[in-house]
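As provided, work_24.cif (mmCIF, C-alpha atoms) reads as follows.
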data_protein
loop_
_atom_site.group_PDB
_atom_site.id
_atom_site.type_symbol
_atom_site.label_atom_id
_atom_site.label_comp_id
_atom_site.auth_asym_id
_atom_site.auth_seq_id
_atom_site.Cartn_x
_atom_site.Cartn_y
_atom_site.Cartn_z
ATOM 1 C CA MET V 7 178.235 54.770 67.333
ATOM 2 C CA ILE V 8 177.650 57.521 64.812
ATOM 3 C CA TRP V 9 178.220 60.861 66.487
ATOM 4 C CA GLU V 10 175.246 62.610 64.855
ATOM 5 C CA VAL V 11 172.849 60.172 66.549
ATOM 6 C CA GLU V 12 174.549 60.811 69.890
ATOM 7 C CA LEU V 13 174.233 64.566 69.357
ATOM 8 C CA ILE V 14 170.492 64.231 68.754
ATOM 9 C CA LEU V 15 170.174 62.092 71.906
ATOM 10 C CA TYR V 16 172.085 64.686 73.967
ATOM 11 C CA MET V 17 169.725 67.400 72.707
ATOM 12 C CA PHE V 18 166.738 65.248 73.724
ATOM 13 C CA VAL V 19 168.252 64.822 77.213
ATOM 14 C CA ILE V 20 168.731 68.562 77.720
ATOM 15 C CA VAL V 21 165.256 69.496 76.416
ATOM 16 C CA ALA V 22 163.546 66.797 78.542
ATOM 17 C CA ALA V 23 165.428 67.884 81.682
ATOM 18 C CA ILE V 24 164.513 71.561 81.211
ATOM 19 C CA VAL V 25 160.847 70.703 80.552
ATOM 20 C CA ALA V 26 160.730 68.474 83.656
ATOM 21 C CA LEU V 27 162.147 71.283 85.781
ATOM 22 C CA GLU V 28 160.090 74.186 84.516
ATOM 23 C CA VAL V 29 156.604 72.851 83.784
ATOM 24 C CA LYS V 30 153.676 73.561 86.126
ATOM 25 C CA ASP V 31 151.671 70.377 85.570
ATOM 26 C CA LEU V 32 153.316 67.626 87.565
ATOM 27 C CA LEU V 33 151.982 64.790 85.365
ATOM 28 C CA THR V 34 153.778 66.347 82.403
ATOM 29 C CA ALA V 35 156.895 66.543 84.563
ATOM 30 C CA VAL V 36 156.695 62.818 85.336
ATOM 31 C CA VAL V 37 156.307 61.933 81.639
ATOM 32 C CA SER V 38 159.224 64.203 80.742
ATOM 33 C CA LEU V 39 161.346 62.577 83.447
ATOM 34 C CA THR V 40 160.543 59.182 81.930
ATOM 35 C CA ILE V 41 161.672 60.458 78.519
ATOM 36 C CA PHE V 42 164.891 61.730 80.126
ATOM 37 C CA SER V 43 165.534 58.378 81.779
ATOM 38 C CA PHE V 44 164.934 56.354 78.627
ATOM 39 C CA THR V 45 167.161 58.608 76.548
ATOM 40 C CA MET V 46 169.883 58.244 79.171
ATOM 41 C CA ALA V 47 169.489 54.470 78.864
ATOM 42 C CA LEU V 48 170.027 54.758 75.086
ATOM 43 C CA LEU V 49 173.140 56.858 75.714
ATOM 44 C CA PHE V 50 174.501 54.280 78.167
ATOM 45 C CA VAL V 51 174.006 51.552 75.571
ATOM 46 C CA ALA V 52 175.749 53.719 72.982
ATOM 47 C CA MET V 53 178.706 54.112 75.344
ATOM 48 C CA GLY V 54 178.982 50.350 75.825
ATOM 49 C CA GLY V 55 177.539 49.854 79.314
ATOM 50 C CA ILE V 56 174.735 47.505 78.391
ATOM 51 C CA ASP V 57 173.924 46.351 81.930
ATOM 52 C CA VAL V 58 173.709 49.900 83.231
ATOM 53 C CA GLY V 59 171.476 50.857 80.325
ATOM 54 C CA PHE V 60 169.216 47.884 80.950
ATOM 55 C CA THR V 61 168.858 48.765 84.630
ATOM 56 C CA GLU V 62 168.154 52.398 83.788
ATOM 57 C CA ALA V 63 165.494 51.444 81.229
ATOM 58 C CA VAL V 64 163.706 49.044 83.596
ATOM 59 C CA VAL V 65 163.897 50.989 86.852
ATOM 60 C CA GLY V 66 164.044 54.581 85.688
ATOM 61 C CA ALA V 67 161.482 54.395 82.908
ATOM 62 C CA GLY V 68 159.226 51.723 84.371
ATOM 63 C CA VAL V 69 158.926 51.496 88.122
ATOM 64 C CA THR V 70 159.684 55.036 89.301
ATOM 65 C CA GLY V 71 157.185 56.487 86.817
ATOM 66 C CA ILE V 72 154.443 54.299 88.311
ATOM 67 C CA LEU V 73 155.455 55.240 91.859
ATOM 68 C CA PHE V 74 155.465 58.974 91.020
ATOM 69 C CA ILE V 75 152.002 58.703 89.447
ATOM 70 C CA VAL V 76 150.674 56.869 92.519
ATOM 71 C CA ALA V 77 152.087 59.620 94.722
ATOM 72 C CA LEU V 78 150.469 62.236 92.452
ATOM 73 C CA TYR V 79 147.047 60.616 92.749
ATOM 74 C CA GLN V 80 147.251 60.892 96.540
ATOM 75 C CA THR V 81 148.265 64.569 96.497
ATOM 76 C CA THR V 82 147.641 67.465 94.117
ATOM 77 C CA ILE V 83 148.402 67.503 90.409
ATOM 78 C CA ARG V 84 149.508 71.129 90.172
ATOM 79 C CA THR V 85 152.492 72.635 91.892
ATOM 80 C CA ASN V 86 152.341 75.780 93.992
ATOM 81 C CA ASP V 87 155.547 77.575 93.074
ATOM 82 C CA MET T 30 177.263 79.635 86.213
ATOM 83 C CA VAL T 31 178.285 80.145 82.580
ATOM 84 C CA ALA T 32 181.886 80.609 83.739
ATOM 85 C CA PHE T 33 181.703 77.351 85.724
ATOM 86 C CA ALA T 34 180.293 75.523 82.686
ATOM 87 C CA GLY T 35 183.118 76.958 80.572
ATOM 88 C CA LEU T 36 185.642 75.780 83.157
ATOM 89 C CA LEU T 37 184.199 72.246 83.075
ATOM 90 C CA ILE T 38 184.250 72.162 79.270
ATOM 91 C CA TYR T 39 187.871 73.399 79.277
ATOM 92 C CA GLY T 40 188.769 70.645 81.746
ATOM 93 C CA SER T 41 187.075 67.973 79.681
ATOM 94 C CA LEU T 42 189.084 68.838 76.587
ATOM 95 C CA ASP T 43 192.128 67.037 77.968
ATOM 96 C CA LEU T 44 190.369 63.758 78.755
ATOM 97 C CA PRO T 45 191.428 60.745 76.675
ATOM 98 C CA TYR T 46 189.128 59.403 74.006
ATOM 99 C CA ARG T 47 186.447 56.873 74.940
ATOM 100 C CA GLY T 48 187.449 53.269 74.403
ATOM 101 C CA ASP T 49 191.042 54.045 73.455
ATOM 102 C CA ALA T 50 193.302 51.055 73.997
ATOM 103 C CA ASP T 51 196.248 53.188 75.106
ATOM 104 C CA ASN T 52 194.447 54.646 78.115
ATOM 105 C CA LEU T 53 196.014 54.443 81.521
ATOM 106 C CA MET T 54 193.272 52.263 82.978
ATOM 107 C CA HIS T 55 193.699 49.652 80.268
ATOM 108 C CA SER T 56 197.412 49.179 80.790
ATOM 109 C CA GLN T 57 198.956 46.186 82.474
ATOM 110 C CA ARG T 58 200.660 48.064 85.306
ATOM 111 C CA SER T 59 199.711 51.442 86.717
ATOM 112 C CA ILE T 60 202.033 54.449 87.018
ATOM 113 C CA THR T 61 203.032 53.381 90.531
ATOM 114 C CA ASP T 62 204.052 49.998 89.097
ATOM 115 C CA THR T 63 201.302 47.903 90.669
ATOM 116 C CA VAL T 64 198.987 45.491 88.886
ATOM 117 C CA VAL T 65 195.737 47.018 87.590
ATOM 118 C CA ALA T 66 192.814 45.077 89.054
ATOM 119 C CA GLY T 67 190.405 45.479 86.129
ATOM 120 C CA ASN T 68 192.909 43.901 83.794
ATOM 121 C CA TYR T 69 192.967 40.746 85.913
ATOM 122 C CA PHE T 70 189.157 40.647 85.924
ATOM 123 C CA ILE T 71 188.982 40.886 82.149
ATOM 124 C CA GLN T 72 191.593 38.219 81.575
ATOM 125 C CA GLU T 73 190.621 35.650 84.190
ATOM 126 C CA ALA T 74 186.834 35.986 84.527
ATOM 127 C CA TYR T 75 185.996 33.046 82.296
ATOM 128 C CA ASN T 76 188.593 30.763 83.842
ATOM 129 C CA ASP T 77 187.517 31.542 87.385
ATOM 130 C CA ALA T 78 183.766 31.216 87.103
ATOM 131 C CA ASN T 79 183.058 29.481 83.775
ATOM 132 C CA THR T 80 180.779 32.363 82.751
ATOM 133 C CA PRO T 81 181.091 34.372 79.535
ATOM 134 C CA ASN T 82 179.493 37.563 80.889
ATOM 135 C CA MET T 83 182.158 39.167 83.026
ATOM 136 C CA VAL T 84 179.850 41.823 84.465
ATOM 137 C CA THR T 85 177.957 39.039 86.223
ATOM 138 C CA VAL T 86 181.200 37.569 87.526
ATOM 139 C CA VAL T 87 182.367 40.922 88.894
ATOM 140 C CA LEU T 88 178.990 41.631 90.516
ATOM 141 C CA GLY T 89 178.405 38.159 91.837
ATOM 142 C CA ASP T 90 181.814 36.807 92.698
ATOM 143 C CA TYR T 91 184.596 39.364 93.032
ATOM 144 C CA ARG T 92 182.421 42.127 94.473
ATOM 145 C CA SER T 93 179.731 39.975 96.071
ATOM 146 C CA ILE T 94 179.874 41.667 99.475
ATOM 147 C CA ASP T 95 179.161 44.964 97.724
ATOM 148 C CA THR T 96 176.065 43.412 96.126
ATOM 149 C CA LEU T 97 175.016 42.098 99.556
ATOM 150 C CA GLY T 98 175.222 45.631 100.941
ATOM 151 C CA GLU T 99 173.149 46.949 98.026
ATOM 152 C CA GLN T 100 170.468 44.351 98.662
ATOM 153 C CA VAL T 101 170.369 45.159 102.375
ATOM 154 C CA VAL T 102 169.917 48.855 101.450
ATOM 155 C CA VAL T 103 166.948 48.010 99.179
ATOM 156 C CA PHE T 104 165.436 45.791 101.877
ATOM 157 C CA THR T 105 165.789 48.579 104.458
ATOM 158 C CA ALA T 106 164.065 51.017 102.092
ATOM 159 C CA GLY T 107 161.150 48.591 101.756
ATOM 160 C CA LEU T 108 160.889 48.146 105.523
ATOM 161 C CA ILE T 109 160.889 51.925 106.062
ATOM 162 C CA CYS T 110 158.067 52.292 103.513
ATOM 163 C CA LEU T 111 156.182 49.594 105.416
ATOM 164 C CA LEU T 112 156.670 51.428 108.712
ATOM 165 C CA ILE T 113 155.738 54.895 107.470
ATOM 166 C CA LEU T 114 152.895 54.150 105.054
ATOM 167 C CA ARG T 115 151.277 51.271 106.928
ATOM 168 C CA ARG T 116 147.533 51.189 107.347
ATOM 169 C CA TYR T 117 146.663 52.617 110.723
ATOM 170 C CA ARG T 118 144.114 50.680 112.662
ATOM 171 C CA PRO T 119 141.211 52.749 114.059
ATOM 172 C CA ILE T 120 141.354 52.827 117.812
ATOM 173 C CA MET Z 10 144.075 51.658 91.727
ATOM 174 C CA ARG Z 11 142.081 51.203 94.856
ATOM 175 C CA THR Z 12 138.885 50.261 93.064
ATOM 176 C CA GLN Z 13 138.348 48.516 89.768
ATOM 177 C CA PHE Z 14 138.497 50.566 86.609
ATOM 178 C CA GLU Z 15 135.414 50.907 84.488
ATOM 179 C CA SER Z 16 137.098 50.133 81.186
ATOM 180 C CA PRO Z 17 137.471 46.397 80.537
ATOM 181 C CA ILE Z 18 139.811 47.009 77.593
ATOM 182 C CA VAL Z 19 142.641 48.189 79.838
ATOM 183 C CA LEU Z 20 142.239 45.147 82.044
ATOM 184 C CA LEU Z 21 142.182 42.828 79.017
ATOM 185 C CA GLY Z 22 145.332 44.390 77.548
ATOM 186 C CA SER Z 23 147.137 44.175 80.863
ATOM 187 C CA ARG Z 24 146.143 40.541 81.312
ATOM 188 C CA LEU Z 25 147.428 39.828 77.807
ATOM 189 C CA LEU Z 26 150.739 41.604 78.387
ATOM 190 C CA SER Z 27 151.578 40.612 81.937
ATOM 191 C CA PRO Z 28 152.624 36.922 81.533
ATOM 192 C CA TYR Z 29 155.062 37.772 78.741
ATOM 193 C CA ILE Z 30 156.760 40.422 80.886
ATOM 194 C CA MET Z 31 156.996 37.908 83.731
ATOM 195 C CA LEU Z 32 158.460 35.242 81.412
ATOM 196 C CA PHE Z 33 161.019 37.737 80.105
ATOM 197 C CA GLY Z 34 161.968 38.620 83.689
ATOM 198 C CA ILE Z 35 162.616 34.968 84.543
ATOM 199 C CA TYR Z 36 164.632 34.631 81.308
ATOM 200 C CA VAL Z 37 166.726 37.669 82.254
ATOM 201 C CA ILE Z 38 167.480 36.200 85.697
ATOM 202 C CA PHE Z 39 168.432 32.720 84.478
ATOM 203 C CA HIS Z 40 170.227 33.816 81.296
ATOM 204 C CA GLY Z 41 172.295 36.482 83.034
ATOM 205 C CA HIS Z 42 175.452 34.390 82.683
ATOM 206 C CA TYR Z 43 175.471 34.698 78.912
ATOM 207 C CA SER Z 44 173.696 37.953 78.100
ATOM 208 C CA PRO Z 45 173.269 41.322 79.818
ATOM 209 C CA GLY Z 46 171.000 41.074 82.780
ATOM 210 C CA GLY Z 47 171.006 39.720 86.274
ATOM 211 C CA GLY Z 48 169.076 39.635 89.481
ATOM 212 C CA PHE Z 49 168.189 43.288 89.851
ATOM 213 C CA GLN Z 50 166.927 43.786 86.307
ATOM 214 C CA GLY Z 51 164.951 40.551 86.278
ATOM 215 C CA GLY Z 52 163.414 41.325 89.656
ATOM 216 C CA ALA Z 53 162.363 44.773 88.458
ATOM 217 C CA LEU Z 54 160.751 43.206 85.367
ATOM 218 C CA LEU Z 55 158.827 40.693 87.516
ATOM 219 C CA ALA Z 56 157.702 43.516 89.809
ATOM 220 C CA SER Z 57 156.549 45.606 86.841
ATOM 221 C CA SER Z 58 154.429 42.718 85.544
ATOM 222 C CA VAL Z 59 152.782 42.327 88.964
ATOM 223 C CA ILE Z 60 152.302 46.101 89.364
ATOM 224 C CA LEU Z 61 150.675 46.299 85.903
ATOM 225 C CA ILE Z 62 147.889 43.956 87.000
ATOM 226 C CA ARG Z 63 147.508 45.847 90.288
ATOM 227 C CA LEU Z 64 147.343 49.192 88.479
ATOM 228 C CA SER Z 65 144.682 48.145 85.990
ATOM 229 C CA GLY Z 66 142.670 45.588 87.889
ATOM 230 C CA GLY Z 67 142.279 46.874 91.397
ATOM 231 C CA ARG Z 68 142.518 44.947 94.605
ATOM 232 C CA ILE Z 69 139.968 42.252 93.833
ATOM 233 C CA VAL Z 70 141.681 40.963 90.706
ATOM 234 C CA SER Z 71 145.233 41.379 91.949
ATOM 235 C CA ARG Z 72 144.454 39.308 95.013
ATOM 236 C CA LEU Z 73 144.257 36.292 92.678
ATOM 237 C CA GLN Z 74 147.850 36.757 91.473
ATOM 238 C CA VAL Z 75 150.071 37.690 94.422
ATOM 239 C CA ARG Z 76 148.477 38.247 97.811
ATOM 240 C CA GLU Z 77 149.462 41.421 99.651
ATOM 241 C CA PHE Z 78 150.247 39.317 102.680
ATOM 242 C CA PHE Z 79 153.057 37.396 100.969
ATOM 243 C CA THR Z 80 155.344 40.243 99.918
ATOM 244 C CA THR Z 81 157.150 40.946 103.185
ATOM 245 C CA PRO Z 82 158.106 37.309 103.946
ATOM 246 C CA LEU Z 83 159.189 36.912 100.305
ATOM 247 C CA ALA Z 84 161.576 39.877 100.626
ATOM 248 C CA ALA Z 85 163.041 38.406 103.803
ATOM 249 C CA ILE Z 86 163.430 35.025 102.060
ATOM 250 C CA GLY Z 87 165.372 36.689 99.227
ATOM 251 C CA VAL Z 88 167.836 38.339 101.605
ATOM 252 C CA ILE Z 89 168.175 35.107 103.628
ATOM 253 C CA VAL Z 90 168.994 33.109 100.459
ATOM 254 C CA TYR Z 91 171.857 35.497 99.684
ATOM 255 C CA PHE Z 92 173.179 35.594 103.228
ATOM 256 C CA GLY Z 93 172.735 31.863 103.755
ATOM 257 C CA THR Z 94 174.886 31.117 100.709
ATOM 258 C CA GLY Z 95 177.725 33.003 102.360
ATOM 259 C CA ILE Z 96 177.175 31.274 105.691
ATOM 260 C CA VAL Z 97 177.098 27.813 104.058
ATOM 261 C CA SER Z 98 180.355 28.514 102.265
ATOM 262 C CA ILE Z 99 181.866 29.447 105.635
ATOM 263 C CA LEU Z 100 180.586 26.234 107.220
ATOM 264 C CA PHE Z 101 182.160 24.073 104.504
ATOM 265 C CA GLY Z 102 185.574 25.604 104.959
ATOM 266 C CA SER Z 103 186.008 28.630 102.750
ATOM 267 C CA TYR Z 104 185.706 32.405 102.938
ATOM 268 C CA PHE Z 105 182.452 34.349 103.185
ATOM 269 C CA LEU Z 106 180.683 34.281 99.782
ATOM 270 C CA ASP Z 107 183.494 32.312 98.185
ATOM 271 C CA TYR Z 108 181.679 29.543 96.360
ATOM 272 C CA GLU Z 109 184.485 27.028 96.088
ATOM 273 C CA ALA Z 110 183.201 24.849 98.909
ATOM 274 C CA LEU Z 111 179.469 24.779 98.282
ATOM 275 C CA PRO Z 112 178.026 21.261 98.716
ATOM 276 C CA PHE Z 113 176.536 20.766 95.275
ATOM 277 C CA PRO Z 114 176.315 17.083 94.311
ATOM 278 C CA GLY Z 115 178.377 15.568 91.580
ATOM 279 C CA GLY Z 116 182.026 16.448 92.125
ATOM 280 C CA LEU Z 117 182.281 19.704 90.198
ATOM 281 C CA ASP Z 118 185.442 21.721 89.800
ATOM 282 C CA PRO Z 119 185.638 25.191 91.477
ATOM 283 C CA ALA Z 120 184.750 27.102 88.296
ATOM 284 C CA ALA Z 121 181.467 25.212 87.876
ATOM 285 C CA LEU Z 122 180.764 25.625 91.593
ATOM 286 C CA ARG Z 123 181.201 29.382 91.228
ATOM 287 C CA TYR Z 124 178.813 29.252 88.253
ATOM 288 C CA TYR Z 125 176.046 27.688 90.336
ATOM 289 C CA GLY Z 126 176.808 29.891 93.343
ATOM 290 C CA ILE Z 127 176.342 33.021 91.236
ATOM 291 C CA LEU Z 128 173.068 31.556 89.917
ATOM 292 C CA VAL Z 129 171.762 30.973 93.471
ATOM 293 C CA ILE Z 130 172.492 34.498 94.644
ATOM 294 C CA GLU Z 131 170.972 35.972 91.454
ATOM 295 C CA ILE Z 132 167.732 34.142 92.266
ATOM 296 C CA GLY Z 133 167.870 35.576 95.794
ATOM 297 C CA ILE Z 134 168.357 39.110 94.493
ATOM 298 C CA GLY Z 135 165.486 38.697 92.022
ATOM 299 C CA ILE Z 136 163.017 37.470 94.655
ATOM 300 C CA ALA Z 137 163.975 40.247 97.096
ATOM 301 C CA VAL Z 138 163.774 43.089 94.560
ATOM 302 C CA MET Z 139 160.417 41.884 93.188
ATOM 303 C CA ALA Z 140 158.855 41.572 96.638
ATOM 304 C CA ILE Z 141 160.188 44.927 97.832
ATOM 305 C CA LEU Z 142 158.969 46.894 94.801
ATOM 306 C CA VAL Z 143 155.497 45.312 95.006
ATOM 307 C CA MET Z 144 155.468 45.987 98.764
ATOM 308 C CA ILE Z 145 156.312 49.674 98.258
ATOM 309 C CA TYR Z 146 153.542 49.980 95.669
ATOM 310 C CA ASP Z 147 150.978 48.298 97.934
ATOM 311 C CA HIS Z 148 151.657 50.475 100.943
ATOM 312 C CA MET Z 149 151.847 53.576 98.783
ATOM 313 C CA ALA Z 150 148.562 52.967 96.961
ATOM 314 C CA ARG Z 151 146.650 52.138 100.119
ATOM 315 C CA GLY Z 152 148.159 54.929 102.164
ATOM 316 C CA GLU Z 153 146.748 56.357 105.314
ATOM 317 C CA ASP Z 154 143.274 57.190 104.039
ATOM 318 C CA TYR Z 155 142.295 53.566 103.663
ATOM 319 C CA VAL Z 156 138.828 52.918 105.004
#

Here is the file; what I need is its structure written in the form of C-alpha cells.
Amino acid sequence: MIWEVELILYMFVIVAAIVALEVKDLLTAVVSLTIFSFTMALLFVAMGGIDVGFTEAVVGAGVTGILFIVALYQTTIRTND
Amino acid sequence: MVAFAGLLIYGSLDLPYRGDADNLMHSQRSITDTVVAGNYFIQEAYNDANTPNMVTVVLGDYRSIDTLGEQVVVFTAGLICLLILRRYRPI
Amino acid sequence: MRTQFESPIVLLGSRLLSPYIMLFGIYVIFHGHYSPGGGFQGGALLASSVILIRLSGGRIVSRLQVREFFTTPLAAIGVIVYFGTGIVSILFGSYFLDYEALPFPGGLDPAALRYYGILVIEIGIGIAVMAILVMIYDHMARGEDYV
C-alpha cells in the first residue's frame, strides 16, 4: 500500500486513542474507541491480514460499541475522575 | 517514558521489511536446520483439504483444537454473564 | 431498549437493514472456504443483525424474531456440534478432530471429507457465537432492575 495513506491512518489511530483516554464524556469515548477500532481494521487489511481485519471490523466496531452503550445507559454518562 | 519509546524505536530499526521473501520465517529450513511449519501449511493446504483459503484450513483443520478452546472460552464468558446479570426473582 | 422507541423511522430503517445483514452473515459462514471469513465473523454479523432489531424495537417486537428463551440452548448446541464432530471422528477410527473418517455418504476422498468437516465446524462456531452475543446483550439490557 502507499505509505502516505498508512501514515494518515497511523495519525488517526493515535489521535483517536488519546481522545478516548482523555475525554470526560463517556459516550464520546465510546465513539472514539469505535473510530480507533475501525482504523486498526483498515491497517490490518493494509498489512495483508484480511481475516484479522474483518474480525476487528465486525467485533470491535460493531458489537462492543453496542455493549458499551448498553452499559452506559445503566450507569452514569459522565466520569468522576 | 520518552527514553523507553526511543529504545523501542531504536530496536525496531533492525527488523526486516514487511513481506520480504528473504525473511527467516519464509525460508525452507530454520537456522537450527528443522523444517519450518508455516512453509508446509502454505504449500500443502490445498492438497490436504481441497480449500483455496488457507487461513480457514489452518484454523479449522491443523489448529482445530485451538479453535475448540477459543469457542469454549466464549461459551464460558456467556455463561458467566448469565450467572451474574440474571434477573433476580423477588422473594 | 427496554421499552419501544417513539420514533417509527428508526424501527423502519432497522427492519429494512436487518435481513440483508443476516443474509451477508450466512454468506460469510458458507463462503469462508473461498473468501475471507469464517464462523466467528459470520456469527458476529448474525448477532449484530439480531441486536439491531432488539435495540430499535424493544422487547415486544424482538420477541417475534428470536425468543430470549432460545439463546442458551442454541449456544450449547453450537458447542456440541463442534465437539461431536471430534467424537464422531474418533468413533470411526481416526484422531480427535481429524476429518478423514467422517461418515459422509458417497465415497469421497480424504480431501473432500476435510472440506465438509471444516464446513460443519464453521456452522457450529457461527451458531454458538451468535447465541452467546445475543445472550450477553439480553442479560445486560435487562439487568438487575427489571420489574

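Distance-wise, atom CA of Ser43 of chain V and atom CA of Ile24 of chain V end up 13.2 Å apart.
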
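In plain terms, chain Z touches chain V through Met10, Ser44, Pro45, Gly46, Gly47, Phe49, Gln50, Gly51, Gly52, Ala53, Leu54, Ala56, Ser57, Ile60, Leu61, Leu64, Leu142, Val143, Ile145, Tyr146, Met149, Ala150, Arg151, Gly152, Glu153 and Asp154 of chain Z, where touching means an atom at most 10 Å away, counting all atoms listed in the file.
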
Restricted to C-alpha atoms, what would the selected residues look like written as an mmCIF file, keeping the file's coordinate frame?
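The result, stored in out26.cif:
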data_model
loop_
_atom_site.group_PDB
_atom_site.id
_atom_site.type_symbol
_atom_site.label_atom_id
_atom_site.label_comp_id
_atom_site.auth_asym_id
_atom_site.auth_seq_id
_atom_site.Cartn_x
_atom_site.Cartn_y
_atom_site.Cartn_z
ATOM 1 C CA MET Z 10 144.075 51.658 91.727
ATOM 2 C CA SER Z 44 173.696 37.953 78.100
ATOM 3 C CA PRO Z 45 173.269 41.322 79.818
ATOM 4 C CA GLY Z 46 171.000 41.074 82.780
ATOM 5 C CA GLY Z 47 171.006 39.720 86.274
ATOM 6 C CA PHE Z 49 168.189 43.288 89.851
ATOM 7 C CA GLN Z 50 166.927 43.786 86.307
ATOM 8 C CA GLY Z 51 164.951 40.551 86.278
ATOM 9 C CA GLY Z 52 163.414 41.325 89.656
ATOM 10 C CA ALA Z 53 162.363 44.773 88.458
ATOM 11 C CA LEU Z 54 160.751 43.206 85.367
ATOM 12 C CA ALA Z 56 157.702 43.516 89.809
ATOM 13 C CA SER Z 57 156.549 45.606 86.841
ATOM 14 C CA ILE Z 60 152.302 46.101 89.364
ATOM 15 C CA LEU Z 61 150.675 46.299 85.903
ATOM 16 C CA LEU Z 64 147.343 49.192 88.479
ATOM 17 C CA LEU Z 142 158.969 46.894 94.801
ATOM 18 C CA VAL Z 143 155.497 45.312 95.006
ATOM 19 C CA ILE Z 145 156.312 49.674 98.258
ATOM 20 C CA TYR Z 146 153.542 49.980 95.669
ATOM 21 C CA MET Z 149 151.847 53.576 98.783
ATOM 22 C CA ALA Z 150 148.562 52.967 96.961
ATOM 23 C CA ARG Z 151 146.650 52.138 100.119
ATOM 24 C CA GLY Z 152 148.159 54.929 102.164
ATOM 25 C CA GLU Z 153 146.748 56.357 105.314
ATOM 26 C CA ASP Z 154 143.274 57.190 104.039
#

Could you produce a table of the residues of chain T lying within 12 Å of chain V, with the nearest pair of atoms per residue and their separation in Å rounded to one decimal, using all atoms listed in the file, ordered by chain and increasing residue number, as a tab-separated table?
residue	atom	partner	partner_atom	distance
T:Tyr46	CA	V:Met53	CA	11.8
T:Arg47	CA	V:Met53	CA	8.2
T:Gly48	CA	V:Met53	CA	8.8
T:Asn82	CA	V:Asp57	CA	10.5
T:Met83	CA	V:Asp57	CA	11.0
T:Val84	CA	V:Asp57	CA	7.9
T:Thr85	CA	V:Asp57	CA	9.4
T:Leu88	CA	V:Asp57	CA	11.0
T:Leu114	CA	V:Ala77	CA	11.7

*Might you spell out which residues the PyMOL selection byres ((chain Z) within 6 of (chain T)) would select in the displayed file, as a count of residues only?*
10

_the PyMOL selection byres ((chain V and resi 15) around 12) - which residues does that actually catch in the file I just gave you? List them as a list in words._
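The output of the PyMOL selection byres ((chain V and resi 15) around 12) on this file is Met7, Ile8, Trp9, Glu10, Val11, Glu12, Leu13, Ile14, Tyr16, Met17, Phe18, Val19, Ile20, Val21, Ala22, Ile41, Phe42, Ser43, Phe44, Thr45, Met46, Ala47, Leu48, Leu49, Phe50, Val51 and Ala52 of chain V.
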
*Of the candidates Z:Gly67, Z:Ile136, Z:Gly115, Z:Gly41, which one gets nearest to Ala85 of chain Z if we count all atoms listed in the file?*
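Ranking Z:Gly67, Z:Ile136, Z:Gly115, Z:Gly41 by distance to Ala85 of chain Z, first place goes to Z:Ile136.
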
*Please, what distance in Å, to one decimal, runs between atom CA of Gly66 of chain V and atom CA of Val138 of chain Z?*
14.5 Å

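With atom CA of Thr81 of chain V on one side and atom CA of Asp147 of chain Z on the other, the separation reads 16.6 Å.
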
*asked:* I need the output of the PyMOL selection byres ((chain V and resi 28-36) around 8) for this file as a PyMOL selection string; which residues are they?
replied: chain V and resi 24-27+37-40+71+74-75+78+83-85
